[in-house]
$ cat start05.cif   # mmCIF, C-alpha atoms
data_coords
#
loop_
_atom_site.label_atom_id
_atom_site.label_comp_id
_atom_site.auth_asym_id
_atom_site.auth_seq_id
_atom_site.Cartn_x
_atom_site.Cartn_y
_atom_site.Cartn_z
CA MET A 1 160.43 142.37 95.52
CA ALA A 2 159.27 138.83 94.69
CA ASP A 3 155.93 137.38 95.68
CA PHE A 4 156.00 134.61 98.29
CA LYS A 5 155.50 131.75 95.82
CA THR A 6 158.45 132.94 93.73
CA LEU A 7 160.60 133.58 96.81
CA ILE A 8 159.99 130.22 98.48
CA THR A 9 160.47 128.39 95.17
CA LYS A 10 163.78 130.19 94.63
CA MET A 11 164.90 129.38 98.19
CA THR A 12 164.02 125.69 98.08
CA GLN A 13 165.44 125.10 94.62
CA ALA A 14 168.70 126.84 95.56
CA ALA A 15 168.92 124.62 98.66
CA CYS A 16 168.34 121.51 96.52
CA ALA A 17 171.08 122.62 94.12
CA GLY A 18 173.52 123.18 96.98
CA ASP A 19 173.77 126.91 96.30
CA GLY A 20 174.09 128.28 99.80
CA THR A 21 174.67 131.84 98.63
CA ALA A 22 171.45 131.89 96.59
CA THR A 23 169.56 130.27 99.47
CA ALA A 24 170.82 132.87 101.96
CA ALA A 25 169.96 135.67 99.50
CA CYS A 26 166.28 134.82 100.02
CA PHE A 27 166.63 135.91 103.67
CA THR A 28 167.05 139.29 105.29
CA ALA A 29 170.55 139.99 106.66
CA SER A 30 169.32 138.95 110.12
CA GLY A 31 167.08 136.19 108.81
CA VAL A 32 166.99 132.81 110.56
CA TYR A 33 166.50 129.37 109.03
CA HIS A 34 165.29 126.88 111.65
CA ASP A 35 166.02 123.49 110.10
CA VAL A 36 164.21 120.47 111.52
CA PHE A 37 167.40 118.37 111.43
CA TYR A 38 170.31 120.76 111.89
CA GLY A 39 168.94 123.53 114.10
CA SER A 40 168.91 127.30 113.60
CA PHE A 41 171.21 129.30 111.33
CA LYS A 42 171.30 133.08 110.98
CA GLY A 43 172.43 135.33 108.14
CA ALA A 44 175.54 134.11 106.32
CA ALA A 45 175.51 130.86 108.34
CA ILE A 46 172.52 129.77 106.21
CA ALA A 47 174.82 129.33 103.21
CA ASP A 48 177.20 127.23 105.29
CA MET A 49 174.34 125.02 106.53
CA ILE A 50 173.17 124.32 102.97
CA GLU A 51 176.62 123.61 101.57
CA ASN A 52 178.21 121.86 104.55
CA HIS A 53 175.31 120.00 106.18
CA PHE A 54 172.53 119.42 103.63
CA HIS A 55 174.86 118.32 100.86
CA ARG A 56 177.33 116.56 103.13
CA ASP A 57 174.65 114.15 104.36
CA ALA A 58 172.36 113.77 101.34
CA GLN A 59 172.00 114.17 97.58
CA ASN A 60 169.41 114.08 94.80
CA PHE A 61 167.03 116.43 96.60
CA ILE A 62 163.48 117.02 95.44
CA TRP A 63 161.45 119.70 97.25
CA ASP A 64 157.94 120.07 95.82
CA LEU A 65 155.81 122.96 97.06
CA HIS A 66 152.02 122.86 97.27
CA ASP A 67 149.34 125.45 98.04
CA PRO A 68 151.45 128.49 99.03
CA VAL A 69 149.51 131.24 100.82
CA ASP A 70 150.65 134.54 102.31
CA ASP A 71 149.43 137.92 103.45
CA GLY A 72 152.66 139.81 102.72
CA GLN A 73 153.96 139.34 106.27
CA LEU A 74 153.47 135.63 106.81
CA GLY A 75 153.71 132.79 104.28
CA TYR A 76 152.81 129.12 104.51
CA VAL A 77 153.48 126.35 102.00
CA ARG A 78 152.96 122.60 102.23
CA TYR A 79 155.75 120.47 100.82
CA VAL A 80 156.92 116.96 100.02
CA PHE A 81 160.68 116.59 100.37
CA SER A 82 163.00 113.71 99.51
CA TYR A 83 166.66 112.85 99.20
CA ASP A 84 169.13 109.97 99.00
CA SER A 85 171.17 109.53 102.16
CA LYS A 86 174.97 109.79 102.11
CA LEU A 87 175.24 108.76 105.76
CA ALA A 88 177.27 105.58 106.26
CA GLU A 89 174.48 103.70 108.05
CA SER A 90 171.85 104.51 105.41
CA ARG A 91 173.84 105.27 102.25
CA GLY A 92 171.63 105.22 99.15
CA ASN A 93 168.33 104.89 101.02
CA ARG A 94 165.71 107.41 99.95
CA ALA A 95 163.76 109.39 102.55
CA VAL A 96 160.43 111.00 101.66
CA PHE A 97 158.50 113.16 104.09
CA GLU A 98 156.08 116.04 104.16
CA GLY A 99 155.82 119.25 106.07
CA VAL A 100 154.75 122.87 106.15
CA SER A 101 157.09 125.84 105.86
CA ILE A 102 156.17 128.88 107.94
CA CYS A 103 157.86 132.11 106.91
CA ARG A 104 157.78 135.53 108.52
CA LEU A 105 158.44 137.98 105.71
CA ARG A 106 159.98 141.46 105.65
CA ASP A 107 160.66 143.64 102.63
CA GLY A 108 160.05 140.74 100.23
CA LEU A 109 162.52 138.42 101.95
CA ILE A 110 162.33 135.72 104.62
CA GLU A 111 162.98 137.02 108.13
CA ASP A 112 162.26 133.72 109.86
CA TYR A 113 161.83 130.26 108.33
CA ARG A 114 160.69 127.30 110.35
CA GLU A 115 158.96 124.09 109.49
CA VAL A 116 156.60 121.58 110.94
CA ALA A 117 157.72 118.34 109.35
CA ASP A 118 156.91 114.68 109.66
CA ALA A 119 160.64 113.99 109.69
CA ILE A 120 160.33 110.79 111.72
CA THR A 121 158.76 108.95 108.76
CA GLY A 122 161.67 109.93 106.52
CA LEU A 123 164.27 108.93 109.06
CA HIS A 124 162.50 105.62 109.60
CA GLN A 125 162.81 105.02 105.84
CA LEU A 126 166.56 105.55 106.24
CA GLY A 127 166.66 102.82 108.85
CA PHE A 128 167.32 105.04 111.87
CA GLY A 129 166.88 103.11 115.10
CA SER A 130 164.34 103.89 117.77
CA GLU A 131 166.92 105.49 120.10
CA ARG A 132 167.93 108.01 117.44
CA LEU A 133 164.30 108.72 116.53
CA VAL A 134 163.40 109.28 120.19
CA LYS A 135 166.28 111.77 120.48
CA LEU A 136 164.87 113.79 117.57
CA ILE A 137 161.35 113.65 118.99
CA GLY A 138 162.70 114.93 122.31
CA ARG A 139 164.47 117.84 120.63
CA GLU A 140 161.31 118.77 118.71
CA ALA A 141 159.20 118.57 121.89
CA GLN A 142 161.66 120.77 123.76
CA ALA A 143 161.64 123.38 120.98
CA LEU A 144 157.83 123.44 120.91
CA ARG A 145 157.61 123.88 124.67
CA ALA A 146 160.22 126.69 124.58
CA ARG A 147 158.25 128.84 122.12
CA GLN A 148 156.38 131.81 123.57
CA GLU A 149 153.11 130.69 121.97
CA SER A 150 153.26 127.46 123.98
CA ALA A 151 153.74 129.11 127.38
CA HIS A 152 150.09 129.23 128.39
CA HIS A 153 149.73 125.53 127.52
CA ILE A 154 152.49 124.65 129.96
CA ASN A 155 152.22 127.26 132.73
CA ARG A 156 148.63 126.65 133.76
#
$ encode --input "start05.cif" --output "structure tokens"
Amino acid sequence: MADFKTLITKMTQAACAGDGTATAACFTASGVYHDVFYGSFKGAAIADMIENHFHRDAQNFIWDLHDPVDDGQLGYVRYVFSYDSKLAESRGNRAVFEGVSICRLRDGLIEDYREVADAITGLHQLGFGSERLVKLIGREAQALRARQESAHHINR
């Protein structure tokens, strides 16, 4: 059973290397990876997301972790993440953004991974237009409003 710092480092470095199997191995069998760009992936689908989305659209990943903290059941780590785009409209442009990973932990593995990321700044660096950025902002707003912890903010 690895400590959180070791586990999250292993997960992020495997993702950067394009090793979907090693990334998914950091999760419980029913674990979910909620990616800010691609959505939610569960169990074995995590490996597919890493290999067939992450590395299809980008390369030369760097994922630096800062100030990891955990209590054995919940882990947080701040990060700075970057990559070179492989998308036709932004090929070769480098995106840099920051965020926080939030991990629910069970039996030394990740049960639920989600992130709060300043993805808009990175996508702006890639040259994404305002319409595309607004679409992402809308999706993030909808996901926030759908979470149980937001209910009392909305249903007043």
$ atom_distance --input "start05.cif" --atom1 "atom CA of Gln13 of chain A" --atom2 "atom CA of Arg132 of chain A"
28.6 Å
$ resolve_selection --input "start05.cif" --expression "the PyMOL selection byres ((chain A and resi 51-58) around 12)" --output "ChimeraX atom specification"
/A:12,14-24,35-39,41,44-50,59-62,82-95,126
$ closest_residue --input "start05.cif" --among "A:Phe97, A:Tyr33, A:Tyr113, A:Phe128" --to "Trp63 of chain A" --atoms "all atoms listed in the file"
A:Phe97
$ closest_residue --input "start05.cif" --among "A:Lys5, A:Lys10, A:His34, A:Arg78" --to "Asp118 of chain A" --atoms "all atoms listed in the file"
A:Arg78
$ axis_aligned_box --input "start05.cif" --around "segment 67-84 of chain A" --padding-each-side "8 Å" --output "AutoDock Vina command-line options"
--center_x 159.2 --center_y 124.9 --center_z 102.4 --size_x 35.8 --size_y 45.8 --size_z 24.8
$ closest_residue --input "start05.cif" --among "A:Ser130, A:His66, A:Glu111, A:Ile154" --to "Gly99 of chain A" --atoms "all atoms listed in the file"
A:His66
$ residues_near_point --input "start05.cif" --point "(157.9, 112.9, 110.6)" --cutoff "12 Å" --atoms "only C-alpha atoms" --output "ChimeraX atom specification"
/A:36-37,80-81,95-100,115-125,133-134,136-137,140
$ atom_distance --input "start05.cif" --atom1 "atom CA of Ala2 of chain A" --atom2 "atom CA of Val32 of chain A"
18.6 Å
$ atom_distance --input "start05.cif" --atom1 "atom CA of Asp3 of chain A" --atom2 "atom CA of Ser30 of chain A"
19.8 Å
$ build_atoms --input "start05.cif" --residues "segment 17-30 of chain A" --atoms "N, CA and C atoms" --output "CSV table (one decimal), in the coordinates of the input"
chain,number,residue,atom,x,y,z
A,17,ALA,N,169.9,122.6,95.0
A,17,ALA,CA,171.1,122.6,94.1
A,17,ALA,C,172.4,122.8,94.9
A,18,GLY,N,172.3,123.0,96.2
A,18,GLY,CA,173.5,123.2,97.0
A,18,GLY,C,174.1,124.6,96.9
A,19,ASP,N,173.3,125.5,96.4
A,19,ASP,CA,173.8,126.9,96.3
A,19,ASP,C,173.4,127.7,97.6
A,20,GLY,N,174.3,127.6,98.5
A,20,GLY,CA,174.1,128.3,99.8
A,20,GLY,C,174.0,129.8,99.7
A,21,THR,N,174.7,130.4,98.8
A,21,THR,CA,174.7,131.8,98.6
A,21,THR,C,173.3,132.3,98.1
A,22,ALA,N,172.8,131.6,97.1
A,22,ALA,CA,171.4,131.9,96.6
A,22,ALA,C,170.4,131.6,97.6
A,23,THR,N,170.5,130.6,98.4
A,23,THR,CA,169.6,130.3,99.5
A,23,THR,C,169.5,131.4,100.5
A,24,ALA,N,170.7,131.8,101.0
A,24,ALA,CA,170.8,132.9,102.0
A,24,ALA,C,170.3,134.2,101.4
A,25,ALA,N,170.4,134.4,100.1
A,25,ALA,CA,170.0,135.7,99.5
A,25,ALA,C,168.4,135.8,99.6
A,26,CYS,N,167.7,134.8,99.9
A,26,CYS,CA,166.3,134.8,100.0
A,26,CYS,C,165.9,135.3,101.4
A,27,PHE,N,166.9,135.5,102.3
A,27,PHE,CA,166.6,135.9,103.7
A,27,PHE,C,167.1,137.3,103.9
A,28,THR,N,166.5,138.0,104.9
A,28,THR,CA,167.0,139.3,105.3
A,28,THR,C,168.4,139.1,105.9
A,29,ALA,N,169.2,140.1,106.1
A,29,ALA,CA,170.6,140.0,106.7
A,29,ALA,C,170.5,139.3,108.0
A,30,SER,N,169.4,139.6,108.8
A,30,SER,CA,169.3,139.0,110.1
A,30,SER,C,168.4,137.8,110.1
